[in-house]
file start_0.cif (mmCIF, C-alpha atoms (C1' of nucleotides))
data_input
#
loop_
_atom_site.label_atom_id
_atom_site.label_comp_id
_atom_site.auth_asym_id
_atom_site.auth_seq_id
_atom_site.Cartn_x
_atom_site.Cartn_y
_atom_site.Cartn_z
CA MET L 183 -0.79 -16.35 1.07
CA ALA L 184 -0.54 -20.06 0.42
CA GLY L 185 -2.80 -20.25 3.44
CA GLN L 186 -4.61 -23.06 5.11
CA HIS L 187 -7.10 -23.29 2.26
CA THR L 188 -6.28 -24.04 -1.33
CA LEU L 189 -7.67 -21.76 -3.97
CA ALA L 190 -10.19 -24.42 -4.88
CA GLU L 191 -11.38 -24.76 -1.28
CA THR L 192 -11.81 -21.04 -1.01
CA GLU L 193 -13.89 -20.84 -4.16
CA ARG L 194 -16.07 -23.73 -2.97
CA GLN L 195 -16.66 -22.06 0.38
CA VAL L 196 -17.51 -18.80 -1.35
CA SER L 197 -20.16 -20.33 -3.59
CA GLU L 198 -21.59 -22.17 -0.60
CA ARG L 199 -21.91 -19.05 1.54
CA LEU L 200 -23.16 -16.81 -1.24
CA ALA L 201 -25.26 -19.28 -3.22
CA HIS L 202 -28.49 -17.43 -2.45
CA MET L 203 -27.29 -14.08 -3.77
CA ASN L 204 -27.39 -14.61 -7.53
CA LEU L 205 -23.84 -13.47 -8.19
CA ASP L 206 -21.48 -13.88 -11.11
CA PHE L 207 -19.00 -16.34 -9.66
CA GLN L 208 -16.87 -16.51 -12.76
CA ALA L 209 -16.33 -12.74 -12.64
CA MET L 210 -15.53 -13.06 -8.94
CA ALA L 211 -12.92 -15.69 -9.71
CA VAL L 212 -11.34 -13.49 -12.37
CA THR L 213 -10.84 -10.42 -10.18
CA SER L 214 -10.02 -12.34 -7.04
CA ASN L 215 -7.34 -14.36 -8.82
CA LEU L 216 -6.06 -11.22 -10.49
CA PHE L 217 -5.29 -9.72 -7.09
CA ARG L 218 -3.88 -12.88 -5.61
CA ALA L 219 -1.55 -13.24 -8.56
CA ALA L 220 -0.42 -9.61 -8.50
CA SER L 221 0.10 -9.71 -4.76
CA ALA L 222 2.01 -13.00 -4.84
CA VAL L 223 4.28 -11.88 -7.68
CA ARG L 224 4.92 -8.53 -6.02
CA ASN L 225 5.84 -10.09 -2.69
CA HIS L 226 8.07 -12.61 -4.43
CA LEU L 227 9.95 -10.01 -6.46
CA GLU L 228 10.33 -7.75 -3.42
CA ARG L 229 11.89 -10.58 -1.45
CA THR L 230 14.07 -12.17 -4.11
CA VAL L 231 15.26 -9.12 -6.03
CA LEU L 232 14.46 -5.76 -4.45
CA SER L 233 15.06 -6.24 -0.72
CA ALA L 234 18.81 -6.66 -1.25
CA SER L 235 18.92 -3.08 -2.55
CA GLY L 236 16.54 -1.78 0.10
CA LEU L 237 13.96 -0.84 -2.52
CA SER L 238 10.21 -0.98 -2.06
CA TRP L 239 8.06 -2.06 -4.96
CA THR L 240 6.90 1.48 -5.60
CA ALA L 241 10.41 2.87 -5.42
CA PHE L 242 11.47 0.31 -8.03
CA VAL L 243 8.58 1.24 -10.32
CA VAL L 244 9.52 4.92 -10.06
CA LEU L 245 13.12 4.13 -10.94
CA TRP L 246 12.07 1.87 -13.79
CA VAL L 247 9.71 4.39 -15.40
CA THR L 248 12.35 7.10 -15.05
CA TRP L 249 14.96 4.77 -16.53
CA ILE L 250 12.80 4.25 -19.62
CA TRP L 251 11.57 7.79 -20.19
CA GLU L 252 14.04 10.20 -18.57
CA PRO L 253 13.82 13.12 -18.39
CA ILE L 254 10.23 12.54 -17.36
CA GLU L 255 7.51 14.73 -15.80
CA THR L 256 6.38 13.64 -12.36
CA ARG L 257 2.72 13.49 -13.38
CA GLN L 258 3.67 10.88 -15.99
CA ILE L 259 5.50 8.76 -13.43
CA ALA L 260 2.37 8.67 -11.31
CA ASP L 261 0.28 7.78 -14.36
CA GLU L 262 2.55 4.97 -15.48
CA GLY L 263 2.97 3.61 -12.00
CA GLY L 264 -0.68 3.83 -11.05
CA PHE L 265 -0.34 5.77 -7.81
CA SER L 266 -1.22 9.29 -6.70
CA LYS L 267 0.86 12.45 -6.96
CA ALA L 268 0.94 12.68 -3.19
CA THR L 269 2.49 9.23 -2.95
CA LEU L 270 5.00 10.05 -5.62
CA THR L 271 6.25 13.14 -3.78
CA GLY L 272 7.20 11.03 -0.80
CA VAL L 273 8.89 8.31 -2.82
CA LEU L 274 10.82 10.89 -4.85
CA ASN L 275 12.04 12.44 -1.59
CA THR L 276 13.32 9.05 -0.48
CA LEU L 277 15.01 8.23 -3.79
CA GLU L 278 16.47 11.71 -4.18
CA GLY L 279 17.83 11.50 -0.64
CA ARG L 280 19.52 8.20 -1.50
CA GLY L 281 21.07 9.77 -4.59
CA PHE L 282 19.32 7.67 -7.24
CA LEU L 283 17.60 10.51 -9.08
CA THR L 284 17.33 14.31 -9.33
CA ARG L 285 14.46 16.78 -9.62
CA GLU L 286 14.66 19.86 -11.82
CA LYS L 287 12.10 22.57 -12.54
CA SER L 288 10.96 22.70 -16.14
CA LYS L 289 12.06 25.80 -18.02
CA ASP L 290 9.04 25.68 -20.33
CA ASP L 291 6.40 25.37 -17.62
CA GLY L 292 7.11 26.50 -14.08
CA ARG L 293 4.57 24.09 -12.64
CA LEU L 294 6.32 20.98 -13.90
CA VAL L 295 9.19 19.05 -12.35
CA LEU L 296 11.43 16.84 -14.46
CA VAL L 297 13.05 13.73 -13.03
CA SER L 298 16.25 12.07 -14.23
CA LEU L 299 18.41 9.24 -12.93
CA THR L 300 21.83 9.97 -11.53
CA ALA L 301 24.79 7.87 -12.61
CA LYS L 302 24.31 5.94 -9.39
CA GLY L 303 20.66 5.34 -10.20
CA ARG L 304 21.44 4.21 -13.72
CA LYS L 305 24.09 1.83 -12.44
CA LEU L 306 21.60 0.40 -9.95
CA MET L 307 19.04 -0.31 -12.66
CA ASP L 308 21.64 -1.72 -15.04
CA GLY L 309 22.54 -4.28 -12.42
CA LEU L 310 19.08 -4.87 -10.99
CA PHE L 311 16.81 -5.18 -13.97
CA PRO L 312 18.37 -8.23 -15.66
CA GLU L 313 17.94 -10.08 -12.37
CA PHE L 314 14.38 -8.80 -12.07
CA ASN L 315 13.63 -9.94 -15.60
CA LYS L 316 15.03 -13.39 -14.87
CA GLN L 317 12.40 -13.80 -12.16
CA GLU L 318 9.71 -12.46 -14.47
CA GLN L 319 10.71 -15.11 -16.96
CA LYS L 320 10.47 -17.90 -14.41
CA ILE L 321 7.03 -16.74 -13.33
CA SER L 322 5.70 -16.29 -16.86
CA SER L 323 6.91 -19.74 -17.81
CA VAL L 324 4.01 -21.33 -15.92
CA VAL L 325 1.81 -20.05 -18.74
CA ALA L 326 2.41 -22.04 -21.89
CA GLU L 327 4.49 -20.14 -24.42
CA LYS L 328 1.65 -20.11 -26.94
CA ASN L 329 -0.73 -18.62 -24.37
CA GLN L 330 1.51 -15.83 -23.08
CA THR L 331 0.49 -13.35 -25.77
CA LEU L 332 -3.18 -14.09 -25.18
CA PHE L 333 -2.61 -13.72 -21.45
CA ALA L 334 -0.94 -10.33 -21.81
CA ASP L 335 -3.66 -9.25 -24.25
CA MET L 336 -6.42 -10.09 -21.81
CA LEU L 337 -4.66 -8.19 -19.06
CA ARG L 338 -4.22 -5.22 -21.37
CA ALA L 339 -7.90 -5.33 -22.26
CA VAL L 340 -8.90 -5.33 -18.60
CA THR L 341 -6.66 -2.33 -17.95
CA ALA L 342 -7.87 -0.36 -20.95
CA PHE L 343 -11.53 -1.00 -20.22
CA THR L 344 -11.28 -0.23 -16.52
CA GLU L 345 -9.37 2.99 -17.01
CA ALA L 346 -11.88 4.16 -19.58
CA GLN L 347 -14.77 3.73 -17.17
CA MET B 152 -3.29 5.60 -15.14
CA ALA B 153 -4.60 6.19 -18.66
CA GLY B 154 -1.52 8.36 -18.92
CA GLN B 155 0.04 10.25 -21.74
CA HIS B 156 1.31 7.09 -23.40
CA THR B 157 -0.77 4.18 -24.53
CA LEU B 158 0.24 0.71 -23.46
CA ALA B 159 1.55 0.06 -26.96
CA GLU B 160 3.69 3.20 -26.91
CA THR B 161 5.14 2.25 -23.56
CA GLU B 162 6.09 -1.24 -24.72
CA ARG B 163 7.69 0.15 -27.87
CA GLN B 164 9.75 2.62 -25.85
CA VAL B 165 10.79 -0.15 -23.47
CA SER B 166 12.08 -2.42 -26.22
CA GLU B 167 13.88 0.52 -27.80
CA ARG B 168 15.68 1.51 -24.60
CA LEU B 169 16.49 -1.99 -23.49
CA ALA B 170 17.12 -3.63 -26.86
CA HIS B 171 20.79 -4.26 -26.10
CA MET B 172 20.16 -6.10 -22.84
CA ASN B 173 18.93 -9.47 -24.08
CA LEU B 174 15.80 -9.58 -21.95
CA ASP B 175 12.61 -11.60 -22.11
CA PHE B 176 10.18 -8.94 -23.31
CA GLN B 177 7.21 -11.26 -23.36
CA ALA B 178 7.71 -12.07 -19.67
CA MET B 179 8.09 -8.36 -18.98
CA ALA B 180 4.79 -7.68 -20.73
CA VAL B 181 3.06 -10.39 -18.68
CA THR B 182 4.06 -9.09 -15.26
CA SER B 183 3.85 -5.43 -16.17
CA ASN B 184 0.33 -5.84 -17.51
CA LEU B 185 -0.57 -7.97 -14.51
CA PHE B 186 0.20 -5.04 -12.21
CA ARG B 187 -1.38 -2.43 -14.41
CA ALA B 188 -4.56 -4.47 -14.55
CA ALA B 189 -4.67 -5.16 -10.82
CA SER B 190 -3.97 -1.54 -10.01
CA ALA B 191 -6.55 -0.20 -12.45
CA VAL B 192 -9.24 -2.56 -11.22
CA ARG B 193 -8.46 -1.82 -7.59
CA ASN B 194 -8.60 1.94 -8.10
CA HIS B 195 -11.82 1.61 -10.03
CA LEU B 196 -13.54 -0.53 -7.42
CA GLU B 197 -12.34 1.73 -4.61
CA ARG B 198 -13.82 4.77 -6.32
CA THR B 199 -17.07 3.31 -7.61
CA VAL B 200 -18.03 0.98 -4.79
CA LEU B 201 -15.94 1.29 -1.62
CA SER B 202 -15.38 5.03 -1.14
CA ALA B 203 -19.09 5.60 -0.42
CA SER B 204 -18.71 3.41 2.67
CA GLY B 205 -15.34 4.88 3.62
CA LEU B 206 -13.63 1.53 3.15
CA SER B 207 -10.09 1.03 1.91
CA TRP B 208 -9.33 -1.89 -0.35
CA THR B 209 -7.61 -3.78 2.42
CA ALA B 210 -10.41 -3.12 4.86
CA PHE B 211 -12.87 -4.52 2.33
CA VAL B 212 -10.76 -7.63 1.79
CA VAL B 213 -10.63 -8.22 5.54
CA LEU B 214 -14.40 -7.87 5.82
CA TRP B 215 -14.94 -10.13 2.81
CA VAL B 216 -12.71 -12.93 4.05
CA THR B 217 -14.32 -12.73 7.47
CA TRP B 218 -17.78 -12.75 5.87
CA ILE B 219 -16.96 -16.01 4.07
CA TRP B 220 -15.17 -17.89 6.85
CA GLU B 221 -16.28 -16.44 10.18
CA PRO B 222 -15.32 -17.16 12.83
CA ILE B 223 -11.83 -16.98 11.36
CA GLU B 224 -8.31 -16.89 12.82
CA THR B 225 -6.38 -13.70 12.12
CA ARG B 226 -3.44 -15.53 10.59
CA GLN B 227 -5.81 -16.93 7.97
CA ILE B 228 -7.15 -13.48 7.10
CA ALA B 229 -3.61 -12.32 6.45
CA ASP B 230 -2.96 -15.40 4.34
CA GLU B 231 -6.10 -15.05 2.25
CA GLY B 232 -5.66 -11.31 1.83
CA GLY B 233 -1.97 -11.45 1.03
CA PHE B 234 -0.71 -8.94 3.58
CA SER B 235 1.33 -9.19 6.78
CA LYS B 236 0.10 -9.82 10.30
CA ALA B 237 1.39 -6.41 11.32
CA THR B 238 -0.78 -4.74 8.71
CA LEU B 239 -3.76 -6.80 9.72
CA THR B 240 -3.54 -5.71 13.35
CA GLY B 241 -3.92 -2.07 12.31
CA VAL B 242 -6.80 -2.71 9.93
CA LEU B 243 -8.59 -4.83 12.53
CA ASN B 244 -8.25 -1.96 15.00
CA THR B 245 -9.89 0.37 12.50
CA LEU B 246 -12.72 -1.99 11.63
CA GLU B 247 -13.33 -2.99 15.23
CA GLY B 248 -13.46 0.69 16.17
CA ARG B 249 -16.10 1.30 13.50
CA GLY B 250 -18.14 -1.60 14.84
CA PHE B 251 -17.96 -3.90 11.81
CA LEU B 252 -16.30 -6.84 13.53
CA THR B 253 -15.18 -8.23 16.88
CA ARG B 254 -12.09 -9.98 18.18
CA GLU B 255 -12.24 -12.83 20.64
CA LYS B 256 -9.52 -14.97 22.17
CA SER B 257 -9.63 -18.62 21.19
CA LYS B 258 -10.53 -20.98 24.03
CA ASP B 259 -8.57 -23.84 22.47
CA ASP B 260 -5.33 -21.94 21.91
CA GLY B 261 -4.54 -18.84 23.90
CA ARG B 262 -2.28 -17.47 21.18
CA LEU B 263 -5.05 -17.27 18.59
CA VAL B 264 -7.61 -14.53 18.03
CA LEU B 265 -10.91 -15.25 16.28
CA VAL B 266 -12.66 -12.59 14.23
CA SER B 267 -16.39 -12.40 13.50
CA LEU B 268 -18.61 -9.82 11.83
CA THR B 269 -21.10 -7.86 13.90
CA ALA B 270 -24.68 -7.48 12.71
CA LYS B 271 -23.64 -4.07 11.40
CA GLY B 272 -20.73 -5.58 9.49
CA ARG B 273 -22.89 -8.30 8.00
CA LYS B 274 -25.46 -5.76 6.91
CA LEU B 275 -22.73 -3.71 5.28
CA MET B 276 -21.46 -6.67 3.26
CA ASP B 277 -24.99 -7.78 2.31
CA GLY B 278 -25.54 -4.38 0.75
CA LEU B 279 -22.07 -3.81 -0.61
CA PHE B 280 -21.08 -7.08 -2.22
CA PRO B 281 -23.80 -7.37 -4.88
CA GLU B 282 -22.79 -3.92 -6.08
CA PHE B 283 -19.13 -4.92 -5.98
CA ASN B 284 -19.88 -8.05 -7.98
CA LYS B 285 -21.77 -6.04 -10.59
CA GLN B 286 -18.59 -4.09 -11.27
CA GLU B 287 -16.56 -7.31 -11.34
CA GLN B 288 -18.94 -8.61 -13.96
CA LYS B 289 -18.57 -5.52 -16.13
CA ILE B 290 -14.80 -5.73 -15.94
CA SER B 291 -14.63 -9.46 -16.64
CA SER B 292 -16.91 -9.05 -19.64
CA VAL B 293 -14.02 -7.61 -21.68
CA VAL B 294 -12.64 -11.15 -21.72
CA ALA B 295 -14.72 -13.37 -23.97
CA GLU B 296 -16.96 -15.71 -21.99
CA LYS B 297 -15.21 -18.79 -23.37
CA ASN B 298 -11.81 -17.42 -22.29
CA GLN B 299 -12.71 -16.43 -18.74
CA THR B 300 -12.04 -19.87 -17.29
CA LEU B 301 -8.68 -20.05 -19.06
CA PHE B 302 -7.89 -16.55 -17.81
CA ALA B 303 -8.68 -17.40 -14.20
CA ASP B 304 -6.73 -20.66 -14.54
CA MET B 305 -3.63 -18.87 -15.76
CA LEU B 306 -3.85 -16.40 -12.90
CA ARG B 307 -4.25 -19.28 -10.45
CA ALA B 308 -1.21 -20.99 -11.93
CA VAL B 309 0.88 -17.84 -11.55
CA THR B 310 -0.20 -17.52 -7.92
CA ALA B 311 0.44 -21.15 -7.07
CA PHE B 312 3.86 -21.23 -8.70
CA THR B 313 5.01 -17.94 -7.20
CA GLU B 314 3.92 -18.82 -3.69
CA ALA B 315 5.69 -22.16 -3.95
CA GLN B 316 9.01 -20.51 -4.79
"C1'" DT H 1 -3.94 43.18 -20.57
"C1'" DC H 2 -6.04 40.81 -17.22
"C1'" DG H 3 -8.34 37.86 -14.34
"C1'" DA H 4 -11.24 33.65 -13.77
"C1'" DG H 5 -10.51 29.00 -14.27
"C1'" DA H 6 -7.49 25.03 -15.00
"C1'" DT H 7 -3.28 22.43 -13.93
"C1'" DT H 8 0.68 20.99 -11.19
"C1'" DG H 9 3.61 19.55 -7.14
"C1'" DT H 10 3.64 19.84 -2.32
"C1'" DT H 11 1.77 19.63 2.30
"C1'" DC H 12 -1.17 17.76 5.78
"C1'" DG H 13 -3.68 14.29 8.44
"C1'" DG H 14 -4.76 9.79 8.82
"C1'" DA H 15 -4.76 4.93 7.34
"C1'" DT H 16 -2.26 1.24 5.54
"C1'" DG H 17 1.99 -1.60 4.87
"C1'" DC H 18 6.20 -4.17 6.39
"C1'" DG H 19 10.33 -6.35 9.08
"C1'" DA H 20 12.08 -6.94 13.46
"C1'" DA H 21 11.55 -7.35 18.28
"C1'" DT H 22 8.52 -8.81 22.02
"C1'" DA H 23 5.45 -11.19 25.27
"C1'" DA H 24 2.21 -14.83 25.72
"C1'" DT H 25 1.18 -19.40 24.77
"C1'" DC H 26 1.75 -24.03 23.08
"C1'" DT H 27 4.49 -28.40 21.86
"C1'" DC H 28 7.11 -32.18 22.76
"C1'" DA H 29 11.46 -34.59 23.53
"C1'" DG H 30 13.84 -36.13 27.54
"C1'" DC N 179 7.08 -32.72 34.48
"C1'" DT N 180 9.87 -29.41 32.40
"C1'" DG N 181 12.21 -26.31 29.72
"C1'" DA N 182 13.98 -25.25 25.06
"C1'" DG N 183 12.10 -24.22 20.84
"C1'" DA N 184 8.17 -23.03 17.91
"C1'" DT N 185 4.07 -20.26 16.99
"C1'" DT N 186 1.01 -16.31 17.50
"C1'" DA N 187 -0.72 -11.36 17.77
"C1'" DT N 188 0.90 -7.14 19.01
"C1'" DT N 189 4.08 -3.19 19.21
"C1'" DC N 190 7.51 -0.21 17.27
"C1'" DG N 191 9.75 2.62 13.74
"C1'" DC N 192 9.59 3.92 9.36
"C1'" DA N 193 8.12 4.12 4.49
"C1'" DT N 194 4.40 4.26 1.63
"C1'" DC N 195 -0.40 5.51 0.26
"C1'" DC N 196 -4.38 8.59 -0.50
"C1'" DG N 197 -7.92 12.67 -0.67
"C1'" DA N 198 -8.30 17.33 0.23
"C1'" DA N 199 -6.47 21.80 0.72
"C1'" DC N 200 -2.97 24.86 -0.91
"C1'" DA N 201 0.22 28.06 -3.47
"C1'" DA N 202 2.42 28.70 -7.78
"C1'" DT N 203 1.91 28.84 -12.54
"C1'" DC N 204 -0.27 28.72 -16.98
"C1'" DT N 205 -4.27 29.48 -20.41
"C1'" DC N 206 -7.36 31.96 -22.89
"C1'" DG N 207 -11.46 34.56 -23.71
"C1'" DA N 208 -13.08 39.35 -23.28
#
call {"tool": "encode", "arguments": {"input": "start_0.cif", "output": "C-alpha cells"}}
result
Amino acid sequence: MAGQHTLAETERQVSERLAHMNLDFQAMAVTSNLFRAASAVRNHLERTVLSASGLSWTAFVVLWVTWIWEPIETRQIADEGGFSKATLTGVLNTLEGRGFLTREKSKDDGRLVLVSLTAKGRKLMDGLFPEFNKQEQKISSVVAEKNQTLFADMLRAVTAFTEAQ
Amino acid sequence: MAGQHTLAETERQVSERLAHMNLDFQAMAVTSNLFRAASAVRNHLERTVLSASGLSWTAFVVLWVTWIWEPIETRQIADEGGFSKATLTGVLNTLEGRGFLTREKSKDDGRLVLVSLTAKGRKLMDGLFPEFNKQEQKISSVVAEKNQTLFADMLRAVTAFTEAQ
DNA sequence: TCGAGATTGTTCGGATGCGAATAATCTCAG
DNA sequence: CTGAGATTATTCGCATCCGAACAATCTCGA
C-alpha cells in the first residue's frame, strides 16, 4: 500500500477510465476504501504486535474468540472469525501444536468439538491484548471522538445487511 | 458469519470478560467491526459475483487494478491491492495461465515487469464489473446517502494514518 | 425403532499469502 | 568507468484459505 498513487489520484483515474459505464462511484469508494483500511490495519497490527509472538492474524482471532467465549464450539469460532471450517481445522492444529489451546469432544453431542485456552494460551493473551488494544486506540483516534460511535454503527450496519443477503 | 451471537451480544460478552483490564472498548469496536464488515462484504461479493467466473478475491483485485492502469508495473499492483510481491507472482501465474493478462519486460528498466489485460481479460471485466458495482451499491445503501462521503473519508483517514505509521 | 435427512469436523486438492533468500538489473559516488 | 549498494521479480518453505467430498453423529417423523 501507500503506493505510487495517492488515494485521490486512484479515484480520479478510476472515474476517467470508467466514465462511460454509468456506475455508482460513491459506492465504489465505500467498498474500496473499506478493504484498503482493513488491509492496512491488519498488516500494521501483524507487524507491530503479532509478529513478535509468531502469530498470524487468523491465529490471533482464533485465540481472541476462544479467550472471550471458552469453552467454545469450533463452528462458533469460524462464525465469529469469518472464515471456513476447513481453515479453522488447520489453524487449530497449529495452535494446539504450540500448546496455546486444547480440543475436547463434547459429551452432549458427539459431532461437536469444544476449544479452551491452556494456561500458556491465557498468559499469552493477557500479555498481548493490552498492547494490541493500544494500537487499536491509536488507529481509531484519527476519527474524531464524537464520530467513532457513528463510524462503528455504520460498519455494523454494513455487516448485518451483507450477512442477511 | 451471522453466527450464534449477535454483534451486540458479542460486545457485551467482551466488556464483561475484559472489564478489569482498562481497555479502550470504543477503539476495539471500531477495528473489530471494520474487519467483520470487510470480511462479510468480501465473502458476499465472492459468492454472488466472482465465483461464477472462478475468480478469487485477490485475482479480481489484480484484474481490476490492471484494468484501470494498464500497462502497469507489478510493484504497483501489489501496492494498490495491499498484498506482497510474492503473493502477486503466484496470482499473476494463475491469471496469465488462464489467458486474462500478459507479462512483458520493461524496455526502460530490465528489473521491471509490465502487466496488461488481454482482449479476453478486458471482456471479462467489461461484463463483470457492472454486476460487481451493482452489489457495491446495494451494500453502500445501508449507509444514508448524506453519510456515505463521511464514511469513505473516515476509512481513507484510517488507511492513510495506518500506512504512515 | 429405525432410517432418511441434516449437521459437524476433518480431509483433500489446489490457490493464495508471506518473509527471507536469490539473481538480475540499475544507480551513483569516487 | 567501476563496483558497492539499492531495487526488482522470482523462488522457496511453510502457513493459511476455501469448496467439495467424507465419515461420524444426531434428529425426528412414520
call {"tool": "closest_atom_pairs", "arguments": {"input": "start_0.cif", "of": "chain H", "to": "chain L", "cutoff": "8 Å", "atoms": "only C-alpha atoms (C1' of nucleotides)", "output": "Markdown table"}}
result
| residue | atom | partner | partner_atom | distance |
| --- | --- | --- | --- | --- |
| H:DT8 | C1' | L:Arg293 | CA | 5.2 |
| H:DG9 | C1' | L:Arg293 | CA | 7.2 |
| H:DT10 | C1' | L:Thr271 | CA | 7.3 |
call {"tool": "resolve_selection", "arguments": {"input": "start_0.cif", "expression": "the PyMOL selection byres ((chain L and resi 226) around 10)", "output": "list in words"}}
result
Ala220, Ser221, Ala222, Val223, Arg224, Asn225, Leu227, Glu228, Arg229, Thr230, Val231, Leu232, Gln317 and Ile321 of chain L; Thr313, Glu314, Ala315 and Gln316 of chain B
call {"tool": "write_last_selection", "arguments": {"input": "start_0.cif", "atoms": "C-alpha atoms", "output": "mmCIF file, keeping the file's coordinate frame"}}
result
data_model
loop_
_atom_site.group_PDB
_atom_site.id
_atom_site.type_symbol
_atom_site.label_atom_id
_atom_site.label_comp_id
_atom_site.auth_asym_id
_atom_site.auth_seq_id
_atom_site.Cartn_x
_atom_site.Cartn_y
_atom_site.Cartn_z
ATOM 1 C CA ALA L 220 -0.420 -9.610 -8.500
ATOM 2 C CA SER L 221 0.100 -9.710 -4.760
ATOM 3 C CA ALA L 222 2.010 -13.000 -4.840
ATOM 4 C CA VAL L 223 4.280 -11.880 -7.680
ATOM 5 C CA ARG L 224 4.920 -8.530 -6.020
ATOM 6 C CA ASN L 225 5.840 -10.090 -2.690
ATOM 7 C CA LEU L 227 9.950 -10.010 -6.460
ATOM 8 C CA GLU L 228 10.330 -7.750 -3.420
ATOM 9 C CA ARG L 229 11.890 -10.580 -1.450
ATOM 10 C CA THR L 230 14.070 -12.170 -4.110
ATOM 11 C CA VAL L 231 15.260 -9.120 -6.030
ATOM 12 C CA LEU L 232 14.460 -5.760 -4.450
ATOM 13 C CA GLN L 317 12.400 -13.800 -12.160
ATOM 14 C CA ILE L 321 7.030 -16.740 -13.330
ATOM 15 C CA THR B 313 5.010 -17.940 -7.200
ATOM 16 C CA GLU B 314 3.920 -18.820 -3.690
ATOM 17 C CA ALA B 315 5.690 -22.160 -3.950
ATOM 18 C CA GLN B 316 9.010 -20.510 -4.790
#
call {"tool": "residues_around", "arguments": {"input": "start_0.cif", "residues": "DT180 of chain N", "least_positions_apart": "5", "cutoff": "12 Å", "atoms": "only C-alpha atoms (C1' of nucleotides)", "output": "list in words"}}
result
DT27, DC28, DA29 and DG30 of chain H
call {"tool": "residues_around", "arguments": {"input": "start_0.cif", "residues": "DG207 of chain N", "least_positions_apart": "2", "cutoff": "12 Å", "atoms": "only C-alpha atoms (C1' of nucleotides)", "output": "list of chain:residue names"}}
result
H:DT1, H:DC2, H:DG3, H:DA4, H:DG5, N:DT205
call {"tool": "interface_residues", "arguments": {"input": "start_0.cif", "of": "chain N", "to": "chain L", "cutoff": "9 Å", "atoms": "only C-alpha atoms (C1' of nucleotides)", "output": "ChimeraX atom specification"}}
result
/N:193-196,202-204
call {"tool": "atom_distance", "arguments": {"input": "start_0.cif", "atom1": "atom CA of Met210 of chain L", "atom2": "atom CA of Arg187 of chain B"}}
result
18.5 Å
call {"tool": "closest_residue", "arguments": {"input": "start_0.cif", "among": "L:Trp246, L:Phe217, L:Phe282, L:Phe314", "to": "chain B", "atoms": "only C-alpha atoms"}}
result
L:Phe217
call {"tool": "closest_atom_pairs", "arguments": {"input": "start_0.cif", "of": "chain N", "to": "segment 11-26 of chain H", "cutoff": "10 Å", "atoms": "all atoms listed in the file", "output": "CSV"}}
result
residue,atom,partner,partner_atom,distance
N:DA184,C1',H:DC26,C1',8.3
N:DT185,C1',H:DC26,C1',7.5
N:DT186,C1',H:DT25,C1',7.9
N:DA187,C1',H:DA24,C1',9.2
N:DT188,C1',H:DT22,C1',8.4
N:DT189,C1',H:DT22,C1',7.7
N:DC190,C1',H:DA21,C1',8.3
N:DG191,C1',H:DA20,C1',9.8
N:DC192,C1',H:DC18,C1',9.3
N:DA193,C1',H:DG17,C1',8.4
N:DT194,C1',H:DG17,C1',7.1
N:DC195,C1',H:DT16,C1',7.0
N:DC196,C1',H:DA15,C1',8.7
N:DA198,C1',H:DC12,C1',9.0
N:DA199,C1',H:DC12,C1',8.4
N:DC200,C1',H:DT11,C1',7.8
call {"tool": "write_last_selection", "arguments": {"input": "start_0.cif", "atoms": "C-alpha atoms (C1' of nucleotides)", "output": "PDB file, keeping the file's coordinate frame"}}
result
ATOM      1  C1'  DA N 184       8.170 -23.030  17.910  1.00  0.00           C
ATOM      2  C1'  DT N 185       4.070 -20.260  16.990  1.00  0.00           C
ATOM      3  C1'  DT N 186       1.010 -16.310  17.500  1.00  0.00           C
ATOM      4  C1'  DA N 187      -0.720 -11.360  17.770  1.00  0.00           C
ATOM      5  C1'  DT N 188       0.900  -7.140  19.010  1.00  0.00           C
ATOM      6  C1'  DT N 189       4.080  -3.190  19.210  1.00  0.00           C
ATOM      7  C1'  DC N 190       7.510  -0.210  17.270  1.00  0.00           C
ATOM      8  C1'  DG N 191       9.750   2.620  13.740  1.00  0.00           C
ATOM      9  C1'  DC N 192       9.590   3.920   9.360  1.00  0.00           C
ATOM     10  C1'  DA N 193       8.120   4.120   4.490  1.00  0.00           C
ATOM     11  C1'  DT N 194       4.400   4.260   1.630  1.00  0.00           C
ATOM     12  C1'  DC N 195      -0.400   5.510   0.260  1.00  0.00           C
ATOM     13  C1'  DC N 196      -4.380   8.590  -0.500  1.00  0.00           C
ATOM     14  C1'  DA N 198      -8.300  17.330   0.230  1.00  0.00           C
ATOM     15  C1'  DA N 199      -6.470  21.800   0.720  1.00  0.00           C
ATOM     16  C1'  DC N 200      -2.970  24.860  -0.910  1.00  0.00           C
TER      17       DC N 200
END
